[in-house]
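Visitor: So I've got this file, structure-v5.cif, and it contains mmCIF, C-alpha atoms and all ligand atoms:
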data_final
loop_
_atom_site.label_atom_id
_atom_site.label_comp_id
_atom_site.auth_asym_id
_atom_site.auth_seq_id
_atom_site.Cartn_x
_atom_site.Cartn_y
_atom_site.Cartn_z
CA MET E 280 106.69 76.92 109.41
CA THR E 281 106.60 80.41 110.93
CA GLU E 282 108.72 79.29 113.92
CA LYS E 283 111.84 78.67 111.89
CA LEU E 284 111.69 81.99 110.04
CA THR E 285 114.31 84.51 111.08
CA LYS E 286 115.91 87.33 109.14
CA GLN E 287 118.86 85.07 108.49
CA SER E 288 116.96 81.93 107.47
CA ILE E 289 113.95 83.32 105.65
CA GLY E 290 113.83 82.50 101.93
CA VAL E 291 112.15 85.25 99.93
CA GLY E 292 111.17 85.17 96.28
CA VAL E 293 109.96 88.18 94.29
CA ALA E 294 107.67 87.84 91.26
CA GLY E 295 107.63 90.73 88.79
CA THR E 296 110.60 93.03 88.43
CA GLY E 297 109.25 95.97 86.46
CA PHE E 298 108.79 99.29 88.24
CA ILE E 299 108.03 98.28 91.84
CA GLY E 300 109.59 94.78 92.12
CA PRO E 301 113.14 96.19 92.44
CA ALA E 302 111.89 98.52 95.22
CA HIS E 303 110.72 95.42 97.15
CA ILE E 304 114.13 93.83 96.63
CA GLU E 305 115.91 96.92 97.89
CA ALA E 306 113.58 97.25 100.90
CA LEU E 307 114.11 93.59 101.82
CA ARG E 308 117.86 93.99 101.59
CA ARG E 309 117.82 97.19 103.65
CA ASN E 310 116.04 95.14 106.31
CA GLY E 311 118.82 92.54 106.26
CA ILE E 312 116.83 89.91 104.36
CA LYS E 313 118.41 87.99 101.52
CA VAL E 314 116.38 87.68 98.33
CA LEU E 315 116.77 84.11 97.13
CA GLY E 316 114.55 83.86 94.05
CA LEU E 317 113.08 85.91 91.25
CA ALA E 318 110.18 84.91 88.99
CA GLU E 319 109.35 86.62 85.74
CA ALA E 320 106.97 86.08 82.83
CA THR E 321 109.63 84.09 80.93
CA LYS E 322 112.75 82.19 81.88
CA GLU E 323 114.88 84.48 79.68
CA LYS E 324 113.65 87.61 81.41
CA ALA E 325 114.06 85.98 84.83
CA VAL E 326 117.68 85.05 84.11
CA GLU E 327 118.44 88.53 82.77
CA LYS E 328 116.81 90.32 85.71
CA ALA E 329 118.31 87.95 88.31
CA ALA E 330 121.79 88.71 86.94
CA GLU E 331 121.06 92.45 86.91
CA LEU E 332 119.70 92.44 90.47
CA GLY E 333 122.14 89.89 91.93
CA ILE E 334 119.56 87.22 92.84
CA PRO E 335 120.80 83.59 92.87
CA ARG E 336 117.74 81.67 91.60
CA ALA E 337 115.71 82.59 88.48
CA PHE E 338 112.31 81.08 87.64
CA GLY E 339 110.30 81.38 84.42
CA SER E 340 107.01 81.43 86.37
CA LEU E 341 105.74 82.00 89.89
CA TYR E 342 104.50 78.40 89.99
CA LYS E 343 108.05 77.12 89.47
CA MET E 344 109.28 79.37 92.29
CA LEU E 345 106.54 77.99 94.58
CA ALA E 346 107.96 74.48 94.04
CA ASP E 347 111.28 75.56 95.62
CA PRO E 348 111.22 74.35 99.26
CA ASP E 349 113.68 77.06 100.31
CA ILE E 350 111.19 79.80 99.43
CA ASP E 351 109.08 80.67 102.50
CA VAL E 352 107.64 84.02 101.40
CA VAL E 353 106.72 85.46 98.03
CA HIS E 354 106.39 89.12 97.13
CA LEU E 355 104.03 89.69 94.21
CA ALA E 356 104.85 92.76 92.13
CA THR E 357 103.02 91.70 89.00
CA PRO E 358 100.08 93.27 87.10
CA ASN E 359 96.81 93.24 89.06
CA TYR E 360 95.03 90.37 87.24
CA LEU E 361 97.72 87.96 88.46
CA HIS E 362 97.39 88.84 92.16
CA HIS E 363 94.46 86.55 92.93
CA PRO E 364 95.65 83.39 91.12
CA HIS E 365 99.23 83.90 92.30
CA THR E 366 98.32 84.63 95.93
CA LYS E 367 95.96 81.66 96.01
CA ALA E 368 98.59 79.31 94.56
CA ALA E 369 101.22 80.59 96.99
CA LEU E 370 98.97 80.15 100.04
CA LEU E 371 97.99 76.65 98.88
CA ALA E 372 101.71 75.89 98.52
CA GLY E 373 102.21 76.96 102.16
CA LYS E 374 104.04 80.23 101.44
CA HIS E 375 103.47 83.58 103.11
CA VAL E 376 102.52 86.35 100.68
CA VAL E 377 103.21 90.08 100.45
CA CYS E 378 101.08 91.21 97.53
CA GLU E 379 101.08 94.56 95.83
CA LYS E 380 97.87 96.57 95.91
CA PRO E 381 95.15 95.92 94.96
CA LEU E 382 94.97 92.42 96.44
CA ALA E 383 92.51 91.29 93.77
CA MET E 384 90.28 92.50 90.96
CA ASN E 385 87.08 92.44 93.05
CA THR E 386 85.84 91.77 96.58
CA THR E 387 84.79 88.18 95.84
CA GLU E 388 88.38 87.32 94.98
CA SER E 389 89.89 89.26 97.88
CA ALA E 390 87.45 87.73 100.40
CA GLU E 391 88.48 84.25 99.23
CA LEU E 392 92.16 85.09 99.83
CA VAL E 393 91.55 86.56 103.28
CA LYS E 394 89.64 83.38 104.24
CA LEU E 395 92.31 81.09 102.80
CA SER E 396 95.20 82.83 104.56
CA LYS E 397 93.33 82.56 107.88
CA GLU E 398 92.64 78.86 107.30
CA LYS E 399 96.27 78.22 106.43
CA ASN E 400 97.58 80.49 109.20
CA LEU E 401 99.79 82.28 106.71
CA VAL E 402 100.51 85.98 106.27
CA ASN E 403 98.74 87.58 103.31
CA ALA E 404 99.84 91.20 103.53
CA VAL E 405 99.04 93.92 101.02
CA ASN E 406 101.72 96.48 100.36
CA PHE E 407 100.20 99.77 101.48
CA ASN E 408 103.59 101.36 101.93
CA ILE E 409 102.37 104.96 102.27
CA ARG E 410 101.16 104.13 105.78
CA MET E 411 104.79 103.93 106.81
CA TYR E 412 105.65 107.51 105.86
CA PRO E 413 106.46 109.57 108.99
CA LEU E 414 103.71 112.12 108.26
CA ALA E 415 101.09 109.37 108.04
CA GLN E 416 102.34 107.78 111.28
CA GLN E 417 102.22 111.15 113.03
CA ALA E 418 98.72 111.92 111.76
CA ARG E 419 97.50 108.53 113.03
CA SER E 420 99.07 109.13 116.47
CA MET E 421 97.43 112.54 116.63
CA VAL E 422 94.01 111.02 115.89
CA GLN E 423 94.57 108.24 118.43
CA ASN E 424 95.70 110.72 121.11
CA GLY E 425 92.61 112.82 120.52
CA ASP E 426 94.74 115.81 119.46
CA LEU E 427 92.38 116.50 116.54
CA GLY E 428 89.09 115.99 118.38
CA ASP E 429 86.14 114.76 116.35
CA LEU E 430 86.76 114.41 112.64
CA PHE E 431 84.02 115.82 110.46
CA ILE E 432 85.56 116.21 107.03
CA LEU E 433 88.54 114.46 105.49
CA GLN E 434 90.02 115.82 102.31
CA GLY E 435 92.79 114.52 100.13
CA SER E 436 94.07 114.02 96.65
CA TYR E 437 96.62 111.88 94.89
CA LEU E 438 98.27 113.59 91.97
CA GLN E 439 100.01 111.72 89.20
CA ASP E 440 100.84 112.96 85.75
CA TRP E 441 101.94 109.84 83.90
CA LEU E 442 98.65 109.53 81.99
CA LEU E 443 98.80 113.16 80.93
CA PHE E 444 99.64 112.42 77.31
CA GLN E 445 97.47 110.60 74.82
CA THR E 446 100.39 108.24 74.18
CA ASP E 447 100.90 107.25 77.85
CA TRP E 448 100.02 103.59 78.17
CA ASN E 449 100.47 100.41 80.18
CA TRP E 450 98.46 97.40 81.38
CA ARG E 451 96.63 99.56 83.96
CA LEU E 452 94.45 100.92 81.15
CA GLU E 453 93.26 97.46 80.09
CA PRO E 454 90.36 96.30 82.30
CA ASP E 455 91.27 92.62 81.89
CA LEU E 456 94.76 93.24 83.23
CA GLY E 457 94.36 96.19 85.61
CA GLY E 458 90.72 95.79 86.72
CA THR E 459 87.62 97.83 86.04
CA LEU E 460 88.19 100.13 89.03
CA ARG E 461 91.04 101.84 87.13
CA ALA E 462 92.35 104.87 89.05
CA VAL E 463 90.34 103.93 92.16
CA GLY E 464 92.00 100.50 92.34
CA ASP E 465 95.39 101.87 91.38
CA ILE E 466 96.27 105.10 93.20
CA GLY E 467 92.82 105.34 94.83
CA SER E 468 93.50 102.23 96.90
CA HIS E 469 96.47 104.04 98.49
CA TRP E 470 94.32 107.08 99.23
CA LEU E 471 91.50 105.05 100.75
CA ASP E 472 93.92 102.95 102.78
CA LEU E 473 95.70 106.02 104.09
CA LEU E 474 92.50 107.69 105.29
CA THR E 475 91.24 104.54 106.99
CA PHE E 476 94.68 103.92 108.53
CA ILE E 477 94.93 107.45 109.92
CA THR E 478 91.36 107.75 111.17
CA GLY E 479 90.42 104.18 112.05
CA LEU E 480 87.20 104.76 110.09
CA HIS E 481 85.91 102.41 107.40
CA VAL E 482 84.42 103.28 104.03
CA GLU E 483 80.68 102.57 104.01
CA GLU E 484 79.50 104.17 100.79
CA VAL E 485 81.12 105.79 97.80
CA TYR E 486 79.84 108.63 95.67
CA ALA E 487 82.01 109.45 92.67
CA ASP E 488 82.15 111.37 89.44
CA PHE E 489 84.18 109.72 86.72
CA LYS E 490 85.60 111.31 83.64
CA THR E 491 87.66 109.99 80.77
CA PHE E 492 90.03 112.78 79.80
CA HIS E 493 91.43 111.14 76.69
CA PRO E 494 88.61 109.33 74.82
CA ILE E 495 91.25 107.99 72.44
CA ARG E 496 94.58 106.70 73.64
CA LYS E 497 97.41 105.46 71.48
CA LYS E 498 98.47 102.00 72.55
CA PRO E 499 102.03 101.04 71.66
CA ALA E 500 102.34 98.00 69.41
CA LYS E 501 104.43 96.22 72.08
CA PRO E 502 104.22 95.96 75.90
CA VAL E 503 105.87 98.76 77.90
CA GLU E 504 106.96 98.64 81.54
CA THR E 505 105.69 101.35 83.86
CA TYR E 506 107.67 104.59 84.12
CA THR E 507 110.79 103.26 82.42
CA GLY E 508 111.39 106.68 80.94
CA LYS E 509 111.70 105.12 77.50
CA ILE E 510 110.87 107.66 74.80
CA LEU E 511 108.51 105.97 72.37
CA THR E 512 108.85 106.79 68.67
CA PRO E 513 106.11 106.75 65.95
CA GLU E 514 107.30 103.26 64.91
CA ASP E 515 106.24 101.95 68.35
CA TYR E 516 102.55 102.63 67.61
N1 LIG E 601 102.78 100.22 96.41
C1 LIG E 601 103.15 101.05 95.47
O1 LIG E 601 103.54 102.19 95.72
C2 LIG E 601 103.11 100.60 94.03
C3 LIG E 601 103.76 101.35 93.03
C4 LIG E 601 103.72 100.86 91.72
C5 LIG E 601 103.05 99.68 91.42
N2 LIG E 601 102.40 99.00 92.40
C6 LIG E 601 101.69 97.74 92.11
O2 LIG E 601 102.68 96.78 91.75
C7 LIG E 601 102.20 95.94 90.72
C8 LIG E 601 103.17 96.00 89.54
O3 LIG E 601 103.21 97.32 89.03
P1 LIG E 601 104.48 97.86 88.19
O4 LIG E 601 104.26 99.32 88.04
O5 LIG E 601 105.75 97.38 88.79
O6 LIG E 601 104.23 97.13 86.78
P2 LIG E 601 105.28 96.84 85.62
O7 LIG E 601 104.50 96.62 84.40
O8 LIG E 601 106.36 97.89 85.61
O9 LIG E 601 105.98 95.46 86.08
C9 LIG E 601 105.27 94.24 86.11
C10 LIG E 601 106.29 93.11 86.04
O10 LIG E 601 105.59 91.86 86.16
C11 LIG E 601 106.14 90.96 85.20
N3 LIG E 601 105.19 89.90 84.90
C12 LIG E 601 104.14 89.94 84.03
N4 LIG E 601 103.53 88.74 83.99
C13 LIG E 601 104.20 87.94 84.87
C14 LIG E 601 104.05 86.60 85.27
N5 LIG E 601 103.08 85.82 84.77
N6 LIG E 601 104.91 86.08 86.20
C15 LIG E 601 105.90 86.86 86.72
N7 LIG E 601 106.10 88.15 86.35
C16 LIG E 601 105.26 88.68 85.45
C17 LIG E 601 106.47 91.85 84.01
O11 LIG E 601 107.38 91.21 83.12
C18 LIG E 601 107.06 93.07 84.71
O12 LIG E 601 108.43 92.89 84.96
C19 LIG E 601 100.79 96.43 90.40
O13 LIG E 601 99.85 95.62 91.05
C20 LIG E 601 100.73 97.84 90.95
O14 LIG E 601 99.43 98.19 91.39
C21 LIG E 601 102.44 99.43 93.69
#
Is it possible to give me this structure as structure tokens?

Guide:
Amino acid sequence: MTEKLTKQSIGVGVAGTGFIGPAHIEALRRNGIKVLGLAEATKEKAVEKAAELGIPRAFGSLYKMLADPDIDVVHLATPNYLHHPHTKAALLAGKHVVCEKPLAMNTTESAELVKLSKEKNLVNAVNFNIRMYPLAQQARSMVQNGDLGDLFILQGSYLQDWLLFQTDWNWRLEPDLGGTLRAVGDIGSHWLDLLTFITGLHVEEVYADFKTFHPIRKKPAKPVETYTGKILTPEDY
């Protein structure tokens, strides 16, 4: 399968077109790759988003997109709880996978996917895009060249303010949908990946202090996409 894939012939399908899915579509197009299919939670949403984003084929579920023989690769930009079942189904259907972070909800699930992709000889990449930033690339080269000598202490932080207000909400806050690791699995996975990418070191143990800043959060009565900028009104709660 891999032999026939070229930039011109490759058939890519993207599942999930909320906040980050459209960024995948743009990145693919900037690399000269045509996006052939789009899968969403419902057929209606898929048709609407496909028209908006100029994608020829719309599917009401990832499983329907996997049945399309012209799709060689799927990009998964869906909420975390779907990554494991969707990646597994895609690999079993013979498709390469680029999955958003985190790859799965726990290490048992992710280990299964790593094993399966090896057995099937298919790509199962996780989108740790921050590695590609020039500063990160330079820092890695400096470590590799020995410019920094021995590393004793690594410090970093990842600042985000979208959960600042008591009314900020999306699926990330629901353990069944986002995972129990919460901020560690969400932005923390980027931070951990970046440090291991730059240094070549691996995490062996973790010591952490957790705090819940808002013991009560106000969940909107209907689902909200991430960072859409929509101003919610009292009627939404
Ligand atoms: N690498 C990064 O920088 C980065 C940034 C943001 C998000 N992410 C990751 O991307 C994923 C999506 O996050 P988001 O912020 O775009 O979320 P989002 O809520 O904005 O979008 C999720 C999309 O998935 C769709 N969806 C839900 N169920 C589906 C199903 N069964 N089949 C197909 N589509 C379905 C939703 O309708 C929505 O369009 C998460 O895993 C998140 O961790 C990564």

Visitor: Atom CA of Pro513 of chain E to atom CA of Pro494 of chain E: how many Å, to one decimal?

Guide: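 Pair atom CA of Pro513 of chain E / atom CA of Pro494 of chain E returns 19.8 Å.
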
Visitor: Using only the atoms of ligand LIG 601 (chain E) listed in the file, plus 6 Å on each side, state the axis-aligned box centre and edge lengths in Å rounded to one decimal, as lines of an AutoDock Vina configuration file.

Guide:
center_x = 103.9
center_y = 94.0
center_z = 89.8
size_x = 21.0
size_y = 28.4
size_z = 25.3

Visitor: Write out, as JSON lines, each residue of chain E that has an atom at most 8 Å from ligand LIG 601 (chain E), together with the closest pair of atoms and their distance in Å to one decimal, counting all atoms listed in the file, rows going by chain and rising number.

Guide:
{"residue": "E:Ala294", "atom": "CA", "partner": "E:LIG601", "partner_atom": "C15", "distance": 5.0}
{"residue": "E:Gly295", "atom": "CA", "partner": "E:LIG601", "partner_atom": "O10", "distance": 3.5}
{"residue": "E:Thr296", "atom": "CA", "partner": "E:LIG601", "partner_atom": "O12", "distance": 4.1}
{"residue": "E:Gly297", "atom": "CA", "partner": "E:LIG601", "partner_atom": "O9", "distance": 3.3}
{"residue": "E:Phe298", "atom": "CA", "partner": "E:LIG601", "partner_atom": "O5", "distance": 3.6}
{"residue": "E:Ile299", "atom": "CA", "partner": "E:LIG601", "partner_atom": "O5", "distance": 3.9}
{"residue": "E:Gly300", "atom": "CA", "partner": "E:LIG601", "partner_atom": "O5", "distance": 5.7}
{"residue": "E:Ala318", "atom": "CA", "partner": "E:LIG601", "partner_atom": "C15", "distance": 5.2}
{"residue": "E:Glu319", "atom": "CA", "partner": "E:LIG601", "partner_atom": "C15", "distance": 3.6}
{"residue": "E:Ala320", "atom": "CA", "partner": "E:LIG601", "partner_atom": "C14", "distance": 3.8}
{"residue": "E:Thr321", "atom": "CA", "partner": "E:LIG601", "partner_atom": "N6", "distance": 7.3}
{"residue": "E:Lys324", "atom": "CA", "partner": "E:LIG601", "partner_atom": "O11", "distance": 7.4}
{"residue": "E:Gly339", "atom": "CA", "partner": "E:LIG601", "partner_atom": "N6", "distance": 7.4}
{"residue": "E:Ser340", "atom": "CA", "partner": "E:LIG601", "partner_atom": "N6", "distance": 5.1}
{"residue": "E:Leu341", "atom": "CA", "partner": "E:LIG601", "partner_atom": "N6", "distance": 5.6}
{"residue": "E:Leu355", "atom": "CA", "partner": "E:LIG601", "partner_atom": "C7", "distance": 7.4}
{"residue": "E:Ala356", "atom": "CA", "partner": "E:LIG601", "partner_atom": "C7", "distance": 4.4}
{"residue": "E:Thr357", "atom": "CA", "partner": "E:LIG601", "partner_atom": "O10", "distance": 3.8}
{"residue": "E:Pro358", "atom": "CA", "partner": "E:LIG601", "partner_atom": "O13", "distance": 4.6}
{"residue": "E:Asn359", "atom": "CA", "partner": "E:LIG601", "partner_atom": "O13", "distance": 4.3}
{"residue": "E:Leu361", "atom": "CA", "partner": "E:LIG601", "partner_atom": "N5", "distance": 6.9}
{"residue": "E:His362", "atom": "CA", "partner": "E:LIG601", "partner_atom": "O13", "distance": 7.3}
{"residue": "E:Cys378", "atom": "CA", "partner": "E:LIG601", "partner_atom": "O13", "distance": 7.9}
{"residue": "E:Glu379", "atom": "CA", "partner": "E:LIG601", "partner_atom": "O2", "distance": 4.9}
{"residue": "E:Lys380", "atom": "CA", "partner": "E:LIG601", "partner_atom": "O14", "distance": 5.0}
{"residue": "E:Pro381", "atom": "CA", "partner": "E:LIG601", "partner_atom": "O14", "distance": 6.0}
{"residue": "E:Leu382", "atom": "CA", "partner": "E:LIG601", "partner_atom": "O13", "distance": 7.9}
{"residue": "E:Asn406", "atom": "CA", "partner": "E:LIG601", "partner_atom": "N1", "distance": 5.5}
{"residue": "E:Phe407", "atom": "CA", "partner": "E:LIG601", "partner_atom": "N1", "distance": 5.7}
{"residue": "E:Asn408", "atom": "CA", "partner": "E:LIG601", "partner_atom": "N1", "distance": 5.7}
{"residue": "E:Ile409", "atom": "CA", "partner": "E:LIG601", "partner_atom": "O1", "distance": 7.2}
{"residue": "E:Asn449", "atom": "CA", "partner": "E:LIG601", "partner_atom": "O7", "distance": 7.0}
{"residue": "E:Trp450", "atom": "CA", "partner": "E:LIG601", "partner_atom": "O7", "distance": 6.8}
{"residue": "E:Gly457", "atom": "CA", "partner": "E:LIG601", "partner_atom": "O13", "distance": 7.7}
{"residue": "E:Gly464", "atom": "CA", "partner": "E:LIG601", "partner_atom": "O14", "distance": 7.8}
{"residue": "E:Asp465", "atom": "CA", "partner": "E:LIG601", "partner_atom": "O14", "distance": 5.5}
{"residue": "E:Ile466", "atom": "CA", "partner": "E:LIG601", "partner_atom": "O14", "distance": 7.8}
{"residue": "E:His469", "atom": "CA", "partner": "E:LIG601", "partner_atom": "N1", "distance": 7.7}
{"residue": "E:Val503", "atom": "CA", "partner": "E:LIG601", "partner_atom": "O7", "distance": 7.0}
{"residue": "E:Glu504", "atom": "CA", "partner": "E:LIG601", "partner_atom": "O8", "distance": 4.2}
{"residue": "E:Thr505", "atom": "CA", "partner": "E:LIG601", "partner_atom": "O8", "distance": 3.9}
{"residue": "E:Tyr506", "atom": "CA", "partner": "E:LIG601", "partner_atom": "O8", "distance": 7.0}
{"residue": "E:Thr507", "atom": "CA", "partner": "E:LIG601", "partner_atom": "O8", "distance": 7.7}

Visitor: Considering only C-alpha atoms, state which residue in the set E:Arg461, E:Lys313, E:His375, E:Lys399 is at the smallest distance from Gly333 of chain E.

Guide: E:Lys313

Visitor: Please measure the separation of atom CA of Lys501 of chain E and atom CA of His354 of chain E, giving the value in Å to one decimal.

Guide: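 Result for atom CA of Lys501 of chain E versus atom CA of His354 of chain E: 26.1 Å, one decimal.
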
Visitor: Find the distance between atom CA of Leu473 of chain E and atom CA of Lys374 of chain E and write it in Å to one decimal.

Guide: 27.2 Å

Visitor: Any idea what's packed within 7 Å of Met384 of chain E, counting all atoms listed in the file, ignoring anything in its chain fewer than 3 positions away? Could you give it as a PyMOL selection string?

Guide: chain E and resi 359-360+388+458

Visitor: Using all atoms listed in the file, determine which residues lie at most 8 Å from Met344 of chain E, disregarding the query and same-chain residues fewer than 6 positions distant; provide the list as a PyMOL selection string.

Guide: chain E and resi 292+316-318+338+350

Visitor: As an mmCIF file with C-alpha atoms, in the frame of the given file, please: the residues near Ala500 of chain E (cut-off 9 Å, only C-alpha atoms, same-chain neighbours under 2 positions excluded).

Guide:
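Listed below is the output, selection.cif:
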data_model
loop_
_atom_site.group_PDB
_atom_site.id
_atom_site.type_symbol
_atom_site.label_atom_id
_atom_site.label_comp_id
_atom_site.auth_asym_id
_atom_site.auth_seq_id
_atom_site.Cartn_x
_atom_site.Cartn_y
_atom_site.Cartn_z
ATOM 1 C CA LYS E 498 98.470 102.000 72.550
ATOM 2 C CA PRO E 502 104.220 95.960 75.900
ATOM 3 C CA GLU E 514 107.300 103.260 64.910
ATOM 4 C CA ASP E 515 106.240 101.950 68.350
ATOM 5 C CA TYR E 516 102.550 102.630 67.610
#

Visitor: Dig up all the protein and nucleic acid residues within 10 Å of (89.2, 113.3, 102.1) in the file frame, using all atoms listed in the file, and format them as a ChimeraX atom specification.

Guide: /E:432-436,470-471,473-474

Visitor: Working from the structure I just supplied, which lacks atoms in segment 415-428 of chain E, can you model N, CA, C and O atoms there and output them as a JSON list (two decimals), in the coordinates of the input?

Guide:
[["chain", "number", "residue", "atom", "x", "y", "z"],
["E", 415, "ALA", "N", 102.29, 110.19, 107.85],
["E", 415, "ALA", "CA", 101.09, 109.37, 108.04],
["E", 415, "ALA", "C", 101.07, 108.78, 109.46],
["E", 415, "ALA", "O", 100.03, 108.73, 110.12],
["E", 416, "GLN", "N", 102.24, 108.34, 109.92],
["E", 416, "GLN", "CA", 102.34, 107.78, 111.28],
["E", 416, "GLN", "C", 101.99, 108.85, 112.32],
["E", 416, "GLN", "O", 101.28, 108.60, 113.28],
["E", 417, "GLN", "N", 102.50, 110.06, 112.07],
["E", 417, "GLN", "CA", 102.22, 111.15, 113.03],
["E", 417, "GLN", "C", 100.73, 111.49, 113.03],
["E", 417, "GLN", "O", 100.12, 111.67, 114.11],
["E", 418, "ALA", "N", 100.15, 111.57, 111.84],
["E", 418, "ALA", "CA", 98.72, 111.92, 111.76],
["E", 418, "ALA", "C", 97.89, 110.87, 112.50],
["E", 418, "ALA", "O", 96.95, 111.21, 113.23],
["E", 419, "ARG", "N", 98.24, 109.61, 112.35],
["E", 419, "ARG", "CA", 97.50, 108.53, 113.03],
["E", 419, "ARG", "C", 97.63, 108.67, 114.56],
["E", 419, "ARG", "O", 96.65, 108.54, 115.29],
["E", 420, "SER", "N", 98.88, 108.96, 115.01],
["E", 420, "SER", "CA", 99.07, 109.13, 116.47],
["E", 420, "SER", "C", 98.24, 110.29, 116.98],
["E", 420, "SER", "O", 97.65, 110.22, 118.07],
["E", 421, "MET", "N", 98.19, 111.37, 116.19],
["E", 421, "MET", "CA", 97.43, 112.54, 116.63],
["E", 421, "MET", "C", 95.94, 112.21, 116.76],
["E", 421, "MET", "O", 95.28, 112.64, 117.70],
["E", 422, "VAL", "N", 95.42, 111.42, 115.81],
["E", 422, "VAL", "CA", 94.01, 111.02, 115.89],
["E", 422, "VAL", "C", 93.81, 110.14, 117.12],
["E", 422, "VAL", "O", 92.88, 110.34, 117.92],
["E", 423, "GLN", "N", 94.72, 109.18, 117.31],
["E", 423, "GLN", "CA", 94.57, 108.24, 118.43],
["E", 423, "GLN", "C", 94.67, 108.94, 119.79],
["E", 423, "GLN", "O", 94.00, 108.58, 120.74],
["E", 424, "ASN", "N", 95.54, 109.97, 119.85],
["E", 424, "ASN", "CA", 95.70, 110.72, 121.11],
["E", 424, "ASN", "C", 94.58, 111.71, 121.36],
["E", 424, "ASN", "O", 94.56, 112.40, 122.37],
["E", 425, "GLY", "N", 93.71, 111.86, 120.37],
["E", 425, "GLY", "CA", 92.61, 112.82, 120.52],
["E", 425, "GLY", "C", 93.04, 114.26, 120.25],
["E", 425, "GLY", "O", 92.30, 115.20, 120.53],
["E", 426, "ASP", "N", 94.24, 114.44, 119.71],
["E", 426, "ASP", "CA", 94.74, 115.81, 119.46],
["E", 426, "ASP", "C", 93.86, 116.56, 118.48],
["E", 426, "ASP", "O", 93.82, 117.80, 118.48],
["E", 427, "LEU", "N", 93.18, 115.83, 117.58],
["E", 427, "LEU", "CA", 92.38, 116.50, 116.54],
["E", 427, "LEU", "C", 90.90, 116.56, 116.88],
["E", 427, "LEU", "O", 90.11, 117.10, 116.11],
["E", 428, "GLY", "N", 90.52, 115.98, 118.01],
["E", 428, "GLY", "CA", 89.09, 115.99, 118.38],
["E", 428, "GLY", "C", 88.28, 115.15, 117.41],
["E", 428, "GLY", "O", 88.79, 114.23, 116.78]]
